[in-house]
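Okay, coords-v8.tsv is below, TSV, C-alpha atoms and all ligand atoms:
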chain	number	residue	atom	x	y	z
A	1	MET	CA	0.00	0.00	0.00
A	2	ARG	CA	1.39	3.39	-1.02
A	3	LEU	CA	0.60	5.16	2.24
A	4	ARG	CA	2.28	2.45	4.22
A	5	ASN	CA	5.41	2.67	2.07
A	6	VAL	CA	5.57	6.38	2.66
A	7	LEU	CA	5.19	5.97	6.40
A	8	TYR	CA	7.70	3.19	6.77
A	9	ARG	CA	10.42	5.16	5.05
A	10	PHE	CA	10.66	7.15	8.26
A	11	LYS	CA	12.84	6.31	11.21
A	12	GLY	CA	11.41	3.89	13.73
A	13	PHE	CA	8.11	2.08	13.87
A	14	TYR	CA	5.13	4.30	13.84
A	15	LYS	CA	1.41	4.11	13.64
A	16	PHE	CA	-0.75	7.02	12.59
A	17	GLY	CA	-4.10	6.54	14.26
A	18	SER	CA	-6.39	3.60	13.82
A	19	THR	CA	-9.09	5.03	11.58
A	20	ALA	CA	-9.41	7.21	8.51
A	21	THR	CA	-6.12	9.03	8.65
A	22	LYS	CA	-5.71	11.16	5.54
A	23	LEU	CA	-2.20	11.96	4.42
A	24	ARG	CA	-1.54	13.79	1.17
A	25	GLY	CA	1.77	14.88	-0.35
A	26	LYS	CA	5.00	14.63	1.61
A	27	VAL	CA	4.89	13.98	5.32
A	28	PHE	CA	8.24	13.38	6.99
A	29	VAL	CA	8.13	11.77	10.40
A	30	ASN	CA	11.11	11.31	12.69
A	31	LYS	CA	9.85	9.10	15.44
A	32	ILE	CA	12.42	8.37	18.08
A	33	GLY	CA	10.28	9.29	21.09
A	34	THR	CA	6.54	8.59	21.16
A	35	ILE	CA	3.86	9.84	18.79
A	36	GLN	CA	0.24	9.16	19.69
A	37	VAL	CA	-2.48	10.12	17.27
A	38	GLY	CA	-6.27	10.10	17.60
A	39	ARG	CA	-8.90	9.43	14.97
A	40	ASN	CA	-9.25	11.30	11.67
A	41	LEU	CA	-5.93	13.04	11.44
A	42	SER	CA	-5.62	14.93	8.15
A	43	ILE	CA	-2.24	16.14	6.90
A	44	VAL	CA	-1.69	18.09	3.69
A	45	GLY	CA	1.93	17.64	2.62
A	46	HIS	CA	1.74	19.64	-0.60
A	47	PRO	CA	2.82	22.05	-2.04
A	48	TRP	CA	5.03	22.18	1.09
A	49	ALA	CA	6.09	19.11	3.02
A	50	VAL	CA	5.01	18.59	6.61
A	51	GLN	CA	7.61	17.55	9.17
A	52	ILE	CA	6.69	15.83	12.43
A	53	THR	CA	9.37	14.92	14.96
A	54	SER	CA	9.49	13.34	18.37
A	55	THR	CA	13.06	13.07	19.63
A	56	LYS	CA	14.47	10.69	22.26
A	57	ASP	CA	12.26	10.55	25.40
A	58	ALA	CA	9.88	13.12	23.92
A	59	SER	CA	6.14	12.76	23.55
A	60	LEU	CA	3.78	14.12	20.93
A	61	LYS	CA	0.05	13.56	21.39
A	62	ILE	CA	-2.43	14.58	18.73
A	63	GLY	CA	-6.16	14.35	19.46
A	64	ASP	CA	-9.10	13.39	17.24
A	65	ASN	CA	-10.10	15.27	14.07
A	66	VAL	CA	-6.93	17.33	13.76
A	67	TYR	CA	-6.11	19.09	10.48
A	68	VAL	CA	-2.48	19.91	9.69
A	69	ASN	CA	-1.96	22.13	6.66
A	70	ALA	CA	0.96	22.29	4.21
A	71	GLY	CA	4.43	23.24	5.38
A	72	VAL	CA	3.70	22.76	9.07
A	73	GLY	CA	6.55	21.70	11.37
A	74	ILE	CA	5.85	20.06	14.71
A	75	ALA	CA	8.86	19.04	16.78
A	76	ALA	CA	8.59	17.55	20.26
A	77	ASN	CA	11.83	17.47	22.20
A	78	LYS	CA	9.99	17.21	25.52
A	79	GLU	CA	6.20	17.20	25.23
A	80	ILE	CA	3.58	18.58	22.90
A	81	VAL	CA	-0.12	17.91	23.43
A	82	ILE	CA	-2.57	18.91	20.71
A	83	GLY	CA	-6.26	18.56	21.57
A	84	ASP	CA	-9.25	17.45	19.52
A	85	ASN	CA	-10.65	19.37	16.53
A	86	VAL	CA	-7.53	21.52	16.15
A	87	LYS	CA	-6.69	23.20	12.83
A	88	ILE	CA	-3.13	24.22	12.10
A	89	GLY	CA	-2.64	26.67	9.22
A	90	PRO	CA	-0.01	26.45	6.51
A	91	ARG	CA	3.69	26.94	7.35
A	92	THR	CA	3.07	27.15	11.09
A	93	SER	CA	5.80	25.89	13.43
A	94	ILE	CA	5.24	24.27	16.80
A	95	PHE	CA	8.61	23.53	18.42
A	96	ASP	CA	8.90	22.90	22.16
A	97	SER	CA	12.64	23.54	22.22
A	98	ASN	CA	14.84	26.54	21.58
A	99	TYR	CA	17.61	24.09	20.59
A	100	HIS	CA	20.36	26.69	21.14
A	101	ARG	CA	21.60	28.75	24.09
A	102	LEU	CA	21.38	32.52	23.92
A	103	ASP	CA	24.71	33.01	25.71
A	104	SER	CA	26.87	31.44	28.42
A	105	ALA	CA	24.56	32.75	31.18
A	106	ASP	CA	21.61	30.93	29.62
A	107	GLN	CA	21.32	27.77	31.76
A	108	GLY	CA	17.54	27.21	31.72
A	109	ASP	CA	15.62	24.33	30.16
A	110	LEU	CA	15.84	24.47	26.41
A	111	SER	CA	12.62	22.47	26.07
A	112	LYS	CA	9.26	23.22	27.69
A	113	LYS	CA	5.90	21.57	27.18
A	114	ILE	CA	3.44	23.04	24.68
A	115	THR	CA	-0.30	22.44	25.11
A	116	ILE	CA	-2.85	23.30	22.46
A	117	GLY	CA	-6.44	22.96	23.67
A	118	ASN	CA	-9.49	21.53	21.94
A	119	ASN	CA	-11.12	23.33	19.02
A	120	VAL	CA	-8.18	25.70	18.52
A	121	TRP	CA	-7.50	27.28	15.11
A	122	ILE	CA	-3.94	28.42	14.48
A	123	GLY	CA	-3.69	30.55	11.33
A	124	ALA	CA	-1.02	30.53	8.65
A	125	ASP	CA	2.66	31.31	9.31
A	126	CYS	CA	2.45	31.23	13.10
A	127	THR	CA	5.22	30.25	15.50
A	128	ILE	CA	4.27	28.58	18.75
A	129	LEU	CA	7.20	28.79	21.17
A	130	PRO	CA	8.30	26.47	24.02
A	131	GLY	CA	6.30	26.55	27.26
A	132	VAL	CA	3.14	27.98	25.77
A	133	SER	CA	-0.47	26.83	26.27
A	134	ILE	CA	-3.29	27.85	23.97
A	135	GLY	CA	-6.70	27.54	25.63
A	136	ASP	CA	-9.72	25.68	24.27
A	137	ASN	CA	-11.60	27.29	21.34
A	138	SER	CA	-9.08	30.09	20.87
A	139	VAL	CA	-7.87	31.40	17.52
A	140	ILE	CA	-4.33	32.50	16.72
A	141	ALA	CA	-4.39	35.04	13.88
A	142	ALA	CA	-2.15	34.64	10.86
A	143	LYS	CA	1.57	35.43	11.24
A	144	SER	CA	1.50	35.46	15.01
A	145	THR	CA	4.35	34.52	17.35
A	146	VAL	CA	2.96	32.98	20.51
A	147	ASN	CA	5.50	33.34	23.32
A	148	LYS	CA	3.07	33.53	26.27
A	149	SER	CA	0.08	31.39	27.11
A	150	ILE	CA	-3.27	32.33	25.62
A	151	PRO	CA	-6.51	31.72	27.56
A	152	ASP	CA	-9.63	29.84	26.40
A	153	ASN	CA	-12.15	31.40	24.00
A	154	VAL	CA	-10.15	34.33	22.62
A	155	LEU	CA	-8.78	35.67	19.36
A	156	ALA	CA	-5.08	36.41	19.85
A	157	GLY	CA	-2.62	37.73	17.32
A	158	GLY	CA	0.50	39.65	16.54
A	159	SER	CA	4.13	39.16	17.28
A	160	PRO	CA	4.30	38.66	20.21
A	161	ALA	CA	0.67	37.50	20.30
A	162	ARG	CA	-1.75	39.44	22.51
A	163	VAL	CA	-5.41	38.80	23.20
A	164	ILE	CA	-7.41	40.83	20.68
A	165	ARG	CA	-10.92	39.98	21.85
A	166	GLU	CA	-13.15	37.34	23.46
A	167	LEU	CA	-14.90	34.88	21.16
A	168	VAL	CA	-18.51	33.75	21.41
A	169	ILE	CA	-18.34	29.99	21.84
A	170	GLU	CA	-21.54	28.08	22.53
A	171	GLU	CA	-21.25	24.91	24.62
A	172	GLY	CA	-20.22	22.03	22.37
A	173	TRP	CA	-19.64	24.17	19.27
A	174	ILE	CA	-16.92	22.90	16.98
A	175	ARG	CA	-15.30	25.17	14.41
A	176	GLU	CA	-15.75	24.14	10.75
B	1	LIG	C1	-8.14	36.86	12.82
B	1	LIG	C2	-8.88	36.88	11.50
B	1	LIG	C3	-9.72	35.62	11.35
B	1	LIG	C4	-9.77	38.09	11.40
B	1	LIG	O1	-10.76	38.05	12.44
B	1	LIG	P1	-11.75	39.28	12.67
B	1	LIG	O2	-12.50	39.11	13.93
B	1	LIG	O3	-12.51	39.51	11.42
B	1	LIG	O4	-10.73	40.37	12.95
B	1	LIG	P2	-10.68	41.85	12.42
B	1	LIG	O5	-10.18	41.83	11.02
B	1	LIG	O6	-11.98	42.52	12.72
B	1	LIG	O7	-9.57	42.39	13.37
B	1	LIG	C5	-9.73	42.48	14.76
B	1	LIG	C6	-8.45	43.08	15.26
B	1	LIG	O8	-7.45	42.07	15.14
B	1	LIG	C7	-6.36	42.54	14.38
B	1	LIG	N1	-5.85	41.42	13.59
B	1	LIG	C8	-6.53	40.68	12.70
B	1	LIG	N2	-5.73	39.76	12.18
B	1	LIG	C9	-4.52	39.93	12.72
B	1	LIG	C10	-3.28	39.30	12.56
B	1	LIG	N3	-3.15	38.27	11.72
B	1	LIG	N4	-2.25	39.70	13.31
B	1	LIG	C11	-2.38	40.74	14.17
B	1	LIG	N5	-3.55	41.39	14.36
B	1	LIG	C12	-4.60	40.99	13.65
B	1	LIG	C13	-6.95	43.61	13.50
B	1	LIG	O9	-5.99	44.52	13.07
B	1	LIG	C14	-7.95	44.25	14.43
B	1	LIG	O10	-7.30	45.12	15.30
B	1	LIG	P3	-7.95	46.59	15.62
B	1	LIG	O11	-9.24	46.27	16.34
B	1	LIG	O12	-6.92	47.25	16.46
B	1	LIG	O13	-8.18	47.20	14.30
B	1	LIG	C15	-7.89	37.00	10.33
B	1	LIG	O14	-7.22	38.28	10.43
B	1	LIG	C16	-6.83	35.90	10.33
B	1	LIG	O15	-5.71	36.03	10.86
B	1	LIG	N6	-7.18	34.80	9.69
B	1	LIG	C17	-6.32	33.66	9.59
B	1	LIG	C18	-6.39	33.17	8.16
B	1	LIG	C19	-5.45	32.04	7.93
B	1	LIG	O16	-4.37	31.98	8.47
B	1	LIG	N7	-5.90	31.08	7.14
B	1	LIG	C20	-5.09	29.93	6.84
B	1	LIG	C21	-5.92	28.74	6.64
B	1	LIG	S1	-6.08	27.82	8.14
Spit out the file's structure as structure tokens when you get a sec.
Ligand SMILES: CC(C)(COP(=O)(O)OP(=O)(O)OC[C@H]1O[C@@H](n2cnc3c(N)ncnc32)[C@H](O)[C@@H]1OP(=O)(O)O)[C@@H](O)C(=O)NCCC(=O)NCCS
Amino acid sequence: MRLRNVLYRFKGFYKFGSTATKLRGKVFVNKIGTIQVGRNLSIVGHPWAVQITSTKDASLKIGDNVYVNAGVGIAANKEIVIGDNVKIGPRTSIFDSNYHRLDSADQGDLSKKITIGNNVWIGADCTILPGVSIGDNSVIAAKSTVNKSIPDNVLAGGSPARVIRELVIEEGWIRE
């Protein structure tokens, strides 16, 4: 099966959800740590490839009905949790590590957990930085850099991202 061939070209054994996973185009997966995926994951790997990484001892959890658009990079060096019904816009990066030290005085943790709540929409060209949480139902506007946590039910945007306004979210409503 073509899909299977594509998946097994990647490092390590890996399973992408049990039902109806849709992968299109190029999806590169480096699975050294764990990757856990819910139902109905959709990944669009064209015209830009998608790269998904979980390094040694790291954990990446992706909930049900998650949509990952073209050119997205998700790299777990520690822990990334993505909730259900999340949409991630094209060319967005979600990396839980800074990878490099700023200077010799910089002794802190390079990697910090990222949590993305349920029903979150992250627009195109966003960067989600280490240690950040994005609350349930919130929207991150296009081209935002999220360096501080964002509460539930808000539109946030800019670089660095700030809350722009509260959203009206009825109980149980799921964004199309
Ligand atoms: C956020 C968005 C949905 C617009 O929502 P909206 O409620 O109609 O927002 P408005 O255009 O009325 O703007 C509300 C405020 O947010 C600001 N804003 C909107 N988009 C912004 C952005 N990307 N970055 C920073 N600020 C933004 C506006 O300037 C405005 O500020 P003001 O009140 O000081 O004028 C839209 O701007 C956006 O970013 N869409 C993402 C599209 C995308 O990435 N699609 C990819 C496919 S998933």
For range 158-170 of chain A, list every protein, DNA or RNA residue within 7 Å, evaluated using all atoms listed in the file, and leave out those in the same chain fewer than 4 positions away; present the list as a list in words. Lys143, Ser144, Thr145, Val146, Asn147, Asn153 and Val154 of chain A
Taking all atoms listed in the file into account, which residues have an atom no farther than 7 Å from ligand LIG 1 (chain B)? I'd like them as a count of residues only. 16
Pick out the residues sitting within 9 Å of range 49-51 of chain A, and hand them over as a PyMOL selection string; count only C-alpha atoms, and ignore anything fewer than 3 positions along from it in its own chain. chain A and resi 25-30+43-46+68-75+91
With 4 Å on each side, where is the centre of the axis-aligned box around all listed atoms of range 110-115 of chain A, and how long are its edges in Å to one decimal, as AutoDock Vina command-line options?
--center_x 7.8 --center_y 23.0 --center_z 26.2 --size_x 24.1 --size_y 10.9 --size_z 11.0
Atom-to-atom span, CA of Ala76 in chain A and CA of Ile128 in chain A, Å: 11.9 Å
Quick one: residues within 9 Å of (-4.2, 13.7, 16.4) (file frame), counting only C-alpha atoms, please, as a PyMOL selection string. chain A and resi 16-17+36-42+61-67+82-86
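Rounded to one decimal, CA of Val132 in chain A and CA of Ile32 in chain A lie 23.0 Å from each other.
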CA of Gly131 in chain A to CA of Lys148 in chain A, distance in Å rounded to a single decimal: 7.8 Å
For Ser59 in chain A, list every protein, DNA or RNA residue within 12 Å, evaluated using only C-alpha atoms, and leave out those in the same chain fewer than 5 positions away; present the list as a PDB file with C-alpha atoms, keeping the file's coordinate frame.
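For reference, selection-v7.pdb as written:
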ATOM      1  CA  LYS A  31       9.850   9.100  15.440  1.00  0.00           C
ATOM      2  CA  ILE A  32      12.420   8.370  18.080  1.00  0.00           C
ATOM      3  CA  GLY A  33      10.280   9.290  21.090  1.00  0.00           C
ATOM      4  CA  THR A  34       6.540   8.590  21.160  1.00  0.00           C
ATOM      5  CA  ILE A  35       3.860   9.840  18.790  1.00  0.00           C
ATOM      6  CA  GLN A  36       0.240   9.160  19.690  1.00  0.00           C
ATOM      7  CA  VAL A  37      -2.480  10.120  17.270  1.00  0.00           C
ATOM      8  CA  ILE A  52       6.690  15.830  12.430  1.00  0.00           C
ATOM      9  CA  THR A  53       9.370  14.920  14.960  1.00  0.00           C
ATOM     10  CA  SER A  54       9.490  13.340  18.370  1.00  0.00           C
ATOM     11  CA  ILE A  74       5.850  20.060  14.710  1.00  0.00           C
ATOM     12  CA  ALA A  75       8.860  19.040  16.780  1.00  0.00           C
ATOM     13  CA  ALA A  76       8.590  17.550  20.260  1.00  0.00           C
ATOM     14  CA  ASN A  77      11.830  17.470  22.200  1.00  0.00           C
ATOM     15  CA  LYS A  78       9.990  17.210  25.520  1.00  0.00           C
ATOM     16  CA  GLU A  79       6.200  17.200  25.230  1.00  0.00           C
ATOM     17  CA  ILE A  80       3.580  18.580  22.900  1.00  0.00           C
ATOM     18  CA  VAL A  81      -0.120  17.910  23.430  1.00  0.00           C
ATOM     19  CA  ILE A  82      -2.570  18.910  20.710  1.00  0.00           C
ATOM     20  CA  ASP A  96       8.900  22.900  22.160  1.00  0.00           C
ATOM     21  CA  SER A 111      12.620  22.470  26.070  1.00  0.00           C
ATOM     22  CA  LYS A 112       9.260  23.220  27.690  1.00  0.00           C
ATOM     23  CA  LYS A 113       5.900  21.570  27.180  1.00  0.00           C
ATOM     24  CA  ILE A 114       3.440  23.040  24.680  1.00  0.00           C
ATOM     25  CA  THR A 115      -0.300  22.440  25.110  1.00  0.00           C
TER      26      THR A 115
END
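All protein and nucleic acid residues in the vicinity of (-0.5, 31.7, 29.3), that is within 8 Å when counting all atoms listed in the file, are Val132, Ser133, Ile134, Lys148, Ser149, Ile150 and Pro151 of chain A.
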Go ahead and save the picked residues with C-alpha atoms, as an mmCIF file, in the coordinates of the input.
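selection-v8.cif, freshly written:
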data_model
loop_
_atom_site.group_PDB
_atom_site.id
_atom_site.type_symbol
_atom_site.label_atom_id
_atom_site.label_comp_id
_atom_site.auth_asym_id
_atom_site.auth_seq_id
_atom_site.Cartn_x
_atom_site.Cartn_y
_atom_site.Cartn_z
ATOM 1 C CA VAL A 132 3.140 27.980 25.770
ATOM 2 C CA SER A 133 -0.470 26.830 26.270
ATOM 3 C CA ILE A 134 -3.290 27.850 23.970
ATOM 4 C CA LYS A 148 3.070 33.530 26.270
ATOM 5 C CA SER A 149 0.080 31.390 27.110
ATOM 6 C CA ILE A 150 -3.270 32.330 25.620
ATOM 7 C CA PRO A 151 -6.510 31.720 27.560
#
